[in-house]
Each structure stands twice: as structure tokens, then as C-alpha cells.
file entry_30.pdb (PDB, C-alpha atoms)
ATOM      1  CA  THR A   1       4.369  24.447  28.460
ATOM      2  CA  TRP A   2       2.143  22.654  30.959
ATOM      3  CA  PHE A   3      -0.981  24.214  29.429
ATOM      4  CA  ASN A   4       0.050  23.244  25.885
ATOM      5  CA  GLU A   5       0.775  19.682  26.966
ATOM      6  CA  LEU A   6      -2.608  19.487  28.682
ATOM      7  CA  TYR A   7      -4.315  20.720  25.503
ATOM      8  CA  ILE A   8      -2.487  18.141  23.344
ATOM      9  CA  LYS A   9      -3.419  15.307  25.720
ATOM     10  CA  ASP A  10      -7.053  16.413  25.680
ATOM     11  CA  CYS A  11      -7.089  16.468  21.853
ATOM     12  CA  SER A  12      -5.466  13.041  21.790
ATOM     13  CA  LYS A  13      -8.167  11.605  24.057
ATOM     14  CA  LYS A  14     -10.922  13.083  21.879
ATOM     15  CA  VAL A  15      -9.358  11.648  18.704
ATOM     16  CA  ARG A  16      -9.000   8.185  20.269
ATOM     17  CA  SER A  17     -12.596   8.375  21.489
ATOM     18  CA  ALA A  18     -13.853   9.332  18.018
ATOM     19  CA  ILE A  19     -11.868   6.502  16.390
ATOM     20  CA  ALA A  20     -13.182   4.013  18.971
ATOM     21  CA  THR A  21     -16.755   5.056  18.136
ATOM     22  CA  LEU A  22     -16.132   4.559  14.418
ATOM     23  CA  GLN A  23     -14.521   1.170  15.098
ATOM     24  CA  ASN A  24     -17.483  -0.026  17.135
ATOM     25  CA  ASN A  25     -19.792   1.039  14.319
ATOM     26  CA  GLY A  26     -17.707  -0.726  11.678
ATOM     27  CA  GLU A  27     -16.873   2.560   9.929
ATOM     28  CA  TRP A  28     -13.167   3.054  10.685
ATOM     29  CA  ILE A  29     -10.824   1.802   7.942
ATOM     30  CA  SER A  30      -7.325   3.246   8.181
ATOM     31  CA  MET A  31      -5.761   1.605   5.111
ATOM     32  CA  ILE A  32      -7.452  -0.154   2.197
ATOM     33  CA  PRO A  33      -5.783  -3.574   1.745
ATOM     34  CA  TYR A  34      -4.164  -4.617  -1.528
ATOM     35  CA  GLY A  35      -6.775  -5.814  -4.006
ATOM     36  CA  TYR A  36      -9.241  -3.074  -3.099
ATOM     37  CA  ARG A  37      -9.302   0.590  -4.042
ATOM     38  CA  ARG A  38     -10.804   3.630  -2.386
ATOM     39  CA  VAL A  39     -13.651   5.356  -4.222
ATOM     40  CA  TYR A  40     -12.573   8.992  -4.023
ATOM     41  CA  GLY A  41     -15.387  11.509  -3.741
ATOM     42  CA  LYS A  42     -17.462   9.045  -1.695
ATOM     43  CA  LYS A  43     -16.594   9.148   1.992
ATOM     44  CA  LYS A  44     -15.476   5.820   3.537
ATOM     45  CA  THR A  45     -16.244   3.927   0.332
ATOM     46  CA  PHE A  46     -14.086   1.331  -1.398
ATOM     47  CA  GLU A  47     -14.464  -1.383  -4.012
ATOM     48  CA  VAL A  48     -12.693  -4.442  -5.388
ATOM     49  CA  ASP A  49      -9.865  -3.522  -7.761
ATOM     50  CA  PRO A  50     -10.466  -5.716 -10.844
ATOM     51  CA  ILE A  51      -6.738  -6.027 -11.630
ATOM     52  CA  MET A  52      -5.020  -6.161  -8.232
ATOM     53  CA  SER A  53      -7.640  -8.562  -6.841
ATOM     54  CA  GLN A  54      -6.484 -11.138  -9.410
ATOM     55  CA  HIS A  55      -2.995 -10.970  -7.936
ATOM     56  CA  VAL A  56      -4.464 -11.577  -4.464
ATOM     57  CA  LYS A  57      -6.282 -14.675  -5.752
ATOM     58  CA  ARG A  58      -3.063 -15.924  -7.320
ATOM     59  CA  ILE A  59      -1.117 -15.413  -4.077
ATOM     60  CA  PHE A  60      -3.610 -17.580  -2.184
ATOM     61  CA  ASP A  61      -3.679 -20.151  -4.981
ATOM     62  CA  LEU A  62       0.126 -20.453  -4.975
ATOM     63  CA  TYR A  63       0.239 -20.644  -1.185
ATOM     64  CA  VAL A  64      -2.365 -23.399  -0.747
ATOM     65  CA  ASN A  65      -0.636 -25.385  -3.480
ATOM     66  CA  GLY A  66       2.616 -25.498  -1.552
ATOM     67  CA  THR A  67       4.569 -22.421  -2.680
ATOM     68  CA  GLY A  68       6.284 -20.606   0.191
ATOM     69  CA  GLY A  69       6.249 -16.892   0.899
ATOM     70  CA  HIS A  70       9.806 -16.271  -0.359
ATOM     71  CA  SER A  71       9.085 -18.107  -3.620
ATOM     72  CA  ILE A  72       5.815 -16.226  -4.175
ATOM     73  CA  ALA A  73       7.603 -12.911  -3.568
ATOM     74  CA  ARG A  74      10.283 -13.861  -6.096
ATOM     75  CA  ILE A  75       7.682 -14.878  -8.706
ATOM     76  CA  LEU A  76       5.697 -11.639  -8.368
ATOM     77  CA  THR A  77       8.837  -9.486  -8.414
ATOM     78  CA  ASP A  78      10.211 -11.250 -11.506
ATOM     79  CA  GLU A  79       6.892 -10.735 -13.315
ATOM     80  CA  GLY A  80       6.744  -7.044 -12.393
ATOM     81  CA  VAL A  81       3.493  -7.328 -10.423
ATOM     82  CA  PRO A  82       2.871  -4.008  -8.600
ATOM     83  CA  THR A  83       3.499  -4.107  -4.855
ATOM     84  CA  PRO A  84       0.819  -2.736  -2.479
ATOM     85  CA  THR A  85       2.487   0.700  -2.254
ATOM     86  CA  GLN A  86       3.019   0.800  -6.018
ATOM     87  CA  ALA A  87      -0.670  -0.012  -6.545
ATOM     88  CA  GLN A  88      -1.637   2.829  -4.206
ATOM     89  CA  ASN A  89       0.606   5.262  -6.075
ATOM     90  CA  MET A  90      -0.824   4.159  -9.425
ATOM     91  CA  GLN A  91      -4.300   5.046  -8.216
ATOM     92  CA  ARG A  92      -3.138   8.345  -6.728
ATOM     93  CA  GLU A  93      -1.441   9.313 -10.002
ATOM     94  CA  GLU A  94      -4.682   8.566 -11.890
ATOM     95  CA  LEU A  95      -6.417  11.065  -9.613
ATOM     96  CA  GLY A  96      -3.649  13.655  -9.886
ATOM     97  CA  LEU A  97      -2.576  13.206  -6.265
ATOM     98  CA  GLU A  98       0.990  13.260  -4.957
ATOM     99  CA  PRO A  99       2.403   9.696  -4.740
ATOM    100  CA  TYR A 100       3.725   8.257  -1.501
ATOM    101  CA  LYS A 101       7.499   8.529  -1.205
ATOM    102  CA  ASN A 102       8.122   5.217   0.582
ATOM    103  CA  GLU A 103       7.322   2.837  -2.270
ATOM    104  CA  ALA A 104       8.373  -0.815  -2.093
ATOM    105  CA  LYS A 105       9.934  -1.819  -5.420
ATOM    106  CA  THR A 106       9.993  -5.543  -4.697
ATOM    107  CA  TRP A 107       7.777  -8.092  -2.979
ATOM    108  CA  SER A 108       8.834  -9.777   0.254
ATOM    109  CA  SER A 109       7.700 -12.747   2.314
ATOM    110  CA  THR A 110       6.490 -10.261   4.953
ATOM    111  CA  ILE A 111       4.045  -8.683   2.480
ATOM    112  CA  ILE A 112       2.851 -12.131   1.372
ATOM    113  CA  ARG A 113       2.319 -13.223   4.957
ATOM    114  CA  ARG A 114       0.373 -10.047   5.746
ATOM    115  CA  ILE A 115      -1.977 -10.726   2.821
ATOM    116  CA  ILE A 116      -2.439 -14.407   3.681
ATOM    117  CA  ARG A 117      -3.450 -13.581   7.273
ATOM    118  CA  ASN A 118      -5.856 -10.743   6.473
ATOM    119  CA  GLU A 119      -9.536 -11.618   7.054
ATOM    120  CA  PHE A 120     -10.477  -8.553   5.024
ATOM    121  CA  TYR A 121     -10.240 -10.743   1.910
ATOM    122  CA  ILE A 122     -13.192 -12.911   3.016
ATOM    123  CA  GLY A 123     -15.364  -9.843   3.620
ATOM    124  CA  THR A 124     -14.687  -9.527   7.378
ATOM    125  CA  LEU A 125     -13.669  -6.189   8.846
ATOM    126  CA  VAL A 126     -11.524  -6.573  11.979
ATOM    127  CA  GLN A 127     -11.152  -3.476  14.146
ATOM    128  CA  ASN A 128      -8.982  -2.637  17.158
ATOM    129  CA  LYS A 129      -6.082  -4.885  16.108
ATOM    130  CA  THR A 130      -3.512  -2.383  17.393
ATOM    131  CA  LYS A 131      -3.334   0.263  20.091
ATOM    132  CA  THR A 132      -1.073   3.208  20.866
ATOM    133  CA  ILE A 133      -0.232   4.242  24.405
ATOM    134  CA  GLY A 134       0.504   7.948  24.774
ATOM    135  CA  ILE A 135       0.675  10.693  22.160
ATOM    136  CA  ASN A 136       3.831   9.514  20.406
ATOM    137  CA  GLY A 137       3.828   5.967  21.736
ATOM    138  CA  LYS A 138       4.602   2.881  19.694
ATOM    139  CA  LYS A 139       1.857   0.727  18.273
ATOM    140  CA  SER A 140       1.337  -2.705  19.791
ATOM    141  CA  PHE A 141      -0.915  -5.581  18.802
ATOM    142  CA  THR A 142      -3.988  -6.288  20.927
ATOM    143  CA  ASP A 143      -5.186  -9.729  22.010
ATOM    144  CA  LYS A 144      -7.680 -11.473  19.743
ATOM    145  CA  GLU A 145     -10.308 -11.158  22.480
ATOM    146  CA  GLU A 146     -10.149  -7.372  22.049
ATOM    147  CA  HIS A 147     -10.753  -7.460  18.293
ATOM    148  CA  ILE A 148     -14.051  -6.147  16.959
ATOM    149  CA  LYS A 149     -15.256  -8.188  13.968
ATOM    150  CA  PHE A 150     -17.876  -7.404  11.333
ATOM    151  CA  PRO A 151     -18.511 -10.460   9.095
ATOM    152  CA  ASN A 152     -20.034  -9.887   5.626
ATOM    153  CA  HIS A 153     -18.964  -6.253   5.839
ATOM    154  CA  HIS A 154     -17.932  -5.912   2.175
ATOM    155  CA  GLU A 155     -17.374  -7.859  -1.030
ATOM    156  CA  ALA A 156     -14.948 -10.743  -0.568
ATOM    157  CA  ILE A 157     -12.080 -11.629  -2.910
ATOM    158  CA  ILE A 158     -11.240 -15.018  -1.379
ATOM    159  CA  ASP A 159     -13.762 -17.703  -0.372
ATOM    160  CA  GLU A 160     -13.673 -18.875   3.240
ATOM    161  CA  GLN A 161     -12.650 -22.435   2.371
ATOM    162  CA  THR A 162      -9.487 -21.265   0.602
ATOM    163  CA  PHE A 163      -8.732 -18.758   3.358
ATOM    164  CA  ASN A 164      -9.124 -21.342   6.145
ATOM    165  CA  LEU A 165      -6.923 -23.797   4.261
ATOM    166  CA  ALA A 166      -4.224 -21.110   3.937
ATOM    167  CA  GLN A 167      -4.389 -20.442   7.705
ATOM    168  CA  GLN A 168      -4.023 -24.130   8.496
ATOM    169  CA  LEU A 169      -1.020 -24.440   6.203
ATOM    170  CA  ARG A 170       0.521 -21.306   7.708
ATOM    171  CA  GLN A 171       0.123 -22.664  11.235
ATOM    172  CA  ASP A 172       1.594 -26.038  10.226
ATOM    173  CA  ARG A 173       4.616 -24.333   8.641
ATOM    174  CA  ASP A 174       5.125 -22.102  11.683
ATOM    175  CA  ARG A 175       4.885 -25.120  13.980
ATOM    176  CA  ASN A 176       7.564 -26.961  12.043
ATOM    177  CA  LYS A 177      10.048 -24.108  12.250
ATOM    178  CA  TYR A 178      13.005 -24.463  14.595
ATOM    179  CA  ARG A 179      12.099 -23.164  18.083
ATOM    180  CA  GLY A 180      15.283 -23.947  20.028
ATOM    181  CA  ASN A 181      18.096 -21.612  21.019
ATOM    182  CA  PRO A 182      20.219 -20.313  18.134
ATOM    183  CA  LYS A 183      23.586 -22.052  17.797
ATOM    184  CA  TYR A 184      25.358 -18.806  16.876
ATOM    185  CA  THR A 185      24.909 -15.291  18.244
ATOM    186  CA  ASN A 186      24.135 -12.729  15.532
ATOM    187  CA  THR A 187      25.426  -9.575  17.204
ATOM    188  CA  PHE A 188      24.566  -7.093  14.445
ATOM    189  CA  SER A 189      21.238  -8.535  13.291
ATOM    190  CA  GLY A 190      18.950  -5.639  12.311
ATOM    191  CA  LEU A 191      21.696  -3.066  12.855
ATOM    192  CA  ILE A 192      23.569  -3.044   9.529
ATOM    193  CA  PHE A 193      22.130  -2.153   6.141
ATOM    194  CA  CYS A 194      22.975  -2.748   2.486
ATOM    195  CA  ALA A 195      24.749   0.260   0.964
ATOM    196  CA  LYS A 196      23.087  -0.364  -2.400
ATOM    197  CA  CYS A 197      19.390  -1.002  -1.687
ATOM    198  CA  GLY A 198      19.098   0.083   1.956
ATOM    199  CA  LYS A 199      17.563  -3.169   3.231
ATOM    200  CA  THR A 200      18.894  -4.839   6.381
ATOM    201  CA  MET A 201      21.689  -7.403   6.125
ATOM    202  CA  THR A 202      20.595 -10.895   7.122
ATOM    203  CA  PRO A 203      22.931 -13.104   9.231
ATOM    204  CA  CYS A 204      24.215 -16.433   7.885
ATOM    205  CA  ASN A 205      26.620 -19.082   9.149
ATOM    206  CA  GLY A 206      28.957 -20.634   6.598
ATOM    207  CA  SER A 207      30.589 -24.045   6.519
ATOM    208  CA  GLN A 208      33.521 -22.646   8.516
ATOM    209  CA  LYS A 209      31.148 -21.675  11.355
ATOM    210  CA  GLU A 210      31.863 -17.988  10.881
ATOM    211  CA  THR A 211      28.971 -15.566  11.017
ATOM    212  CA  PHE A 212      28.596 -13.248   8.038
ATOM    213  CA  TYR A 213      25.877 -10.957   6.723
ATOM    214  CA  VAL A 214      24.384 -10.630   3.232
ATOM    215  CA  CYS A 215      21.875  -8.216   1.717
ATOM    216  CA  ARG A 216      18.312  -9.288   2.538
ATOM    217  CA  THR A 217      17.128  -8.348  -0.960
ATOM    218  CA  TYR A 218      19.814 -10.590  -2.452
ATOM    219  CA  HIS A 219      18.983 -13.342   0.040
ATOM    220  CA  THR A 220      15.276 -13.235  -0.882
ATOM    221  CA  LEU A 221      15.233 -12.351  -4.594
ATOM    222  CA  GLY A 222      18.727 -13.075  -5.878
ATOM    223  CA  VAL A 223      21.524 -11.219  -7.661
ATOM    224  CA  LYS A 224      19.101  -9.762 -10.226
ATOM    225  CA  TYR A 225      17.864  -7.266  -7.610
ATOM    226  CA  CYS A 226      20.946  -6.556  -5.484
ATOM    227  CA  ASP A 227      24.544  -7.629  -4.861
ATOM    228  CA  HIS A 228      25.722 -10.208  -2.358
ATOM    229  CA  ASN A 229      27.595  -7.604  -0.279
ATOM    230  CA  LYS A 230      28.934 -10.304   2.035
ATOM    231  CA  VAL A 231      30.679  -9.028   5.158
ATOM    232  CA  TYR A 232      32.065 -11.115   8.028
ATOM    233  CA  GLU A 233      31.098 -10.306  11.591
ATOM    234  CA  LYS A 234      34.757 -10.436  12.682
ATOM    235  CA  ASP A 235      35.569  -7.666  10.164
ATOM    236  CA  ILE A 236      32.738  -5.513  11.523
ATOM    237  CA  MET A 237      34.014  -6.067  15.068
ATOM    238  CA  HIS A 238      37.544  -5.069  14.016
ATOM    239  CA  ALA A 239      36.310  -1.891  12.276
ATOM    240  CA  LEU A 240      34.227  -1.025  15.358
ATOM    241  CA  ARG A 241      37.191  -1.426  17.690
ATOM    242  CA  VAL A 242      39.324   0.804  15.460
ATOM    243  CA  TYR A 243      36.583   3.421  15.364
ATOM    244  CA  LEU A 244      36.193   3.446  19.168
ATOM    245  CA  MET A 245      39.915   3.684  19.904
TER     246      MET A 245
END
call {"tool": "encode", "arguments": {"input": "entry_30.pdb", "output": "C-alpha cells"}}
result
Amino acid sequence: TWFNELYIKDCSKKVRSAIATLQNNGEWISMIPYGYRRVYGKKKTFEVDPIMSQHVKRIFDLYVNGTGGHSIARILTDEGVPTPTQAQNMQREELGLEPYKNEAKTWSSTIIRRIIRNEFYIGTLVQNKTKTIGINGKKSFTDKEEHIKFPNHHEAIIDEQTFNLAQQLRQDRDRNKYRGNPKYTNTFSGLIFCAKCGKTMTPCNGSQKETFYVCRTYHTLGVKYCDHNKVYEKDIMHALRVYLM
């Protein structure tokens, strides 16, 4: 067992070393961002996707003109615009490859935010943004000082002026968000899930000051995509007590 563990650790070090070398040379790209597509048959080669890149441009255009992430997600979902994982599967199916199983059916503000923040869209490759400690350790984000940047690395989809404006707006919106202590404690936040769509239930506080949870898909996109599935925290607590008795 000790020998096998030593061998695995040695392999892990060699893999990390090889990846670090590729990162420093501007060659390591783990995932191709939405709006680009990998050129299969040509190692480490990708290009602008003529269709999906238009959706990226529209996302930035909506954002800099005052539309929030939730609203953009709702617009794209209502129009049937392919999500990043759906776009990947479309390309894989064209090539006769097995599609990814975990496919997002709807857009979310998290996906929008990830696109808005990504410097890849102005032609800059940023390496070493995350690190993993240990063989099966969790990924964590590195400090900006540790990032390795390669400007003008590839064809841009968004011009720098639009991108910088989006970052300024994002920072202003983040700064204006409430930063104080929450008035109500959401005991089960992130621990209960919608029975219909599988997304987490988001906590809310009604006019009667009682905490309840609703489906996050419903909360973001409306009844067209999932049911309300409202459940009060006091009912969850009662069911939990009964279960533990």
C-alpha cells in the first residue's frame, strides 16, 4: 500500500510539473470557453464559433446596457439559446463523439457572470487561476499576482473597451449589494433540493417573517421552467425532529 501510494504521488507531481510547463508556455487550455470551438484533429487548436460567438456579443451588449444577469439568463433560456454544455455536446455529436451527461438545460446568472468576467474573450489567455492541493484535493482560486497572462494570444470576440465597461459595471453592482449581517438565519441553505428539477432551493423571507424555500430554477426563470415548490423552514424542522426520534 505504501509503495502504491508513493507511486501515485510521484505520478501526480510529474503531471503537475508538465501542466505548469505548458501553462508557462501559454499552451495549456483545459476547457474552451463558450463562443469558441476546438478544432479536432489539430492538437491544442481552437477557433471562433461563428454562431455561439454572436450570443457572447449579445450577452455583453445586454449587460453594458443595464440588463442584469438574471434577466439575461431568462431571455436566453426563453429564446432557446444553447447553453455552454449544450453547445459542447452539439459539436461532439457532429463529430460522432459521446455527449457529456451533465448538460445544463437552462441559463443562469452564474453562467452569465462567468462569461462577463472571462478575459479570454478579449484575446488574453490567463493561466494558473486555480490550484489543487493533494491528489484528490479540492480546487481553490489563486491570487491575481499568481496568474500567468498572455495578451493577444488568440482571436478576440469582444473589444477591450466593451469588456472594461462590463467589468466596471459589475464592480459597481457588487459594491452596491447589501454587505451587512443577514436579518434571518437560513438553516438549510444549499442543503435541500427541488424534487422536480434537482436544483437547490433558495431561501426567502415572506411578509410574515417566516423563512421558506423555493426552487432556484423557478426563482430565476419562472413557472415556465419549474414549479414553486414552496416549503417552510418550520415544516422541515418538524419533519427532521420526527425522523430523528
call {"tool": "residues_around", "arguments": {"input": "entry_30.pdb", "residues": "Gln161 of chain A", "least_positions_apart": "3", "cutoff": "12 Å", "atoms": "only C-alpha atoms", "output": "PDB file with C-alpha atoms, keeping the file's coordinate frame"}}
result
ATOM      1  CA  PHE A  60      -3.610 -17.580  -2.184  1.00  0.00           C
ATOM      2  CA  ASP A  61      -3.679 -20.151  -4.981  1.00  0.00           C
ATOM      3  CA  VAL A  64      -2.365 -23.399  -0.747  1.00  0.00           C
ATOM      4  CA  TYR A 121     -10.240 -10.743   1.910  1.00  0.00           C
ATOM      5  CA  ILE A 122     -13.192 -12.911   3.016  1.00  0.00           C
ATOM      6  CA  ILE A 158     -11.240 -15.018  -1.379  1.00  0.00           C
ATOM      7  CA  ASN A 164      -9.124 -21.342   6.145  1.00  0.00           C
ATOM      8  CA  LEU A 165      -6.923 -23.797   4.261  1.00  0.00           C
ATOM      9  CA  ALA A 166      -4.224 -21.110   3.937  1.00  0.00           C
ATOM     10  CA  GLN A 167      -4.389 -20.442   7.705  1.00  0.00           C
ATOM     11  CA  GLN A 168      -4.023 -24.130   8.496  1.00  0.00           C
TER      12      GLN A 168
END
call {"tool": "atom_distance", "arguments": {"input": "entry_30.pdb", "atom1": "atom CA of Asn89 of chain A", "atom2": "atom CA of Asn102 of chain A"}}
result
10.0 Å
call {"tool": "residues_around", "arguments": {"input": "entry_30.pdb", "residues": "Ala156 of chain A", "least_positions_apart": "2", "cutoff": "9 Å", "atoms": "all atoms listed in the file", "output": "PyMOL selection string"}}
result
chain A and resi 48+120-124+152-154+158-159
call {"tool": "atom_distance", "arguments": {"input": "entry_30.pdb", "atom1": "atom CA of Thr67 of chain A", "atom2": "atom CA of Leu125 of chain A"}}
result
27.0 Å
call {"tool": "closest_residue", "arguments": {"input": "entry_30.pdb", "among": "A:Arg92, A:Lys149, A:Arg241, A:Arg74", "to": "Tyr40 of chain A", "atoms": "only C-alpha atoms"}}
result
A:Arg92
call {"tool": "resolve_selection", "arguments": {"input": "entry_30.pdb", "expression": "the PyMOL selection byres ((chain A and resi 76) around 12)", "output": "JSON, numbers by chain"}}
result
{"A": [55, 56, 58, 59, 62, 69, 70, 71, 72, 73, 74, 75, 77, 78, 79, 80, 81, 82, 83, 84, 105, 106, 107, 108, 109, 111, 112, 221]}
call {"tool": "residues_near_point", "arguments": {"input": "entry_30.pdb", "point": "(23.5, -1.6, 0.8)", "cutoff": "12 Å", "atoms": "all atoms listed in the file", "output": "list of chain:residue names"}}
result
A:Ile192, A:Phe193, A:Cys194, A:Ala195, A:Lys196, A:Cys197, A:Gly198, A:Lys199, A:Thr200, A:Met201, A:Thr202, A:Tyr213, A:Val214, A:Cys215, A:Arg216, A:Thr217, A:Tyr218, A:Tyr225, A:Cys226, A:Asp227, A:His228, A:Asn229, A:Lys230, A:Val231
call {"tool": "closest_residue", "arguments": {"input": "entry_30.pdb", "among": "A:Leu95, A:Ser53, A:Thr110, A:Arg37", "to": "Thr220 of chain A", "atoms": "all atoms listed in the file"}}
result
A:Thr110
call {"tool": "resolve_selection", "arguments": {"input": "entry_30.pdb", "expression": "the PyMOL selection byres ((chain A and resi 35) around 6)", "output": "PyMOL selection string"}}
result
chain A and resi 34+36+49+52-53
call {"tool": "atom_distance", "arguments": {"input": "entry_30.pdb", "atom1": "atom CA of Val39 of chain A", "atom2": "atom CA of Tyr63 of chain A"}}
result
29.6 Å
call {"tool": "residues_around", "arguments": {"input": "entry_30.pdb", "residues": "Pro99 of chain A", "least_positions_apart": "6", "cutoff": "10 Å", "atoms": "all atoms listed in the file", "output": "mmCIF file with C-alpha atoms, in the frame of the given file"}}
result
data_model
loop_
_atom_site.group_PDB
_atom_site.id
_atom_site.type_symbol
_atom_site.label_atom_id
_atom_site.label_comp_id
_atom_site.auth_asym_id
_atom_site.auth_seq_id
_atom_site.Cartn_x
_atom_site.Cartn_y
_atom_site.Cartn_z
ATOM 1 C CA THR A 85 2.487 0.700 -2.254
ATOM 2 C CA GLN A 86 3.019 0.800 -6.018
ATOM 3 C CA GLN A 88 -1.637 2.829 -4.206
ATOM 4 C CA ASN A 89 0.606 5.262 -6.075
ATOM 5 C CA MET A 90 -0.824 4.159 -9.425
ATOM 6 C CA GLN A 91 -4.300 5.046 -8.216
ATOM 7 C CA ARG A 92 -3.138 8.345 -6.728
ATOM 8 C CA GLU A 93 -1.441 9.313 -10.002
#
call {"tool": "resolve_selection", "arguments": {"input": "entry_30.pdb", "expression": "the PyMOL selection byres ((chain A and resi 236) around 12)", "output": "ChimeraX atom specification"}}
result
/A:186-188,191-192,211-213,230-235,237-243
call {"tool": "closest_residue", "arguments": {"input": "entry_30.pdb", "among": "A:Phe150, A:Glu103, A:Asp143, A:Phe163", "to": "Val126 of chain A", "atoms": "all atoms listed in the file"}}
result
A:Phe150
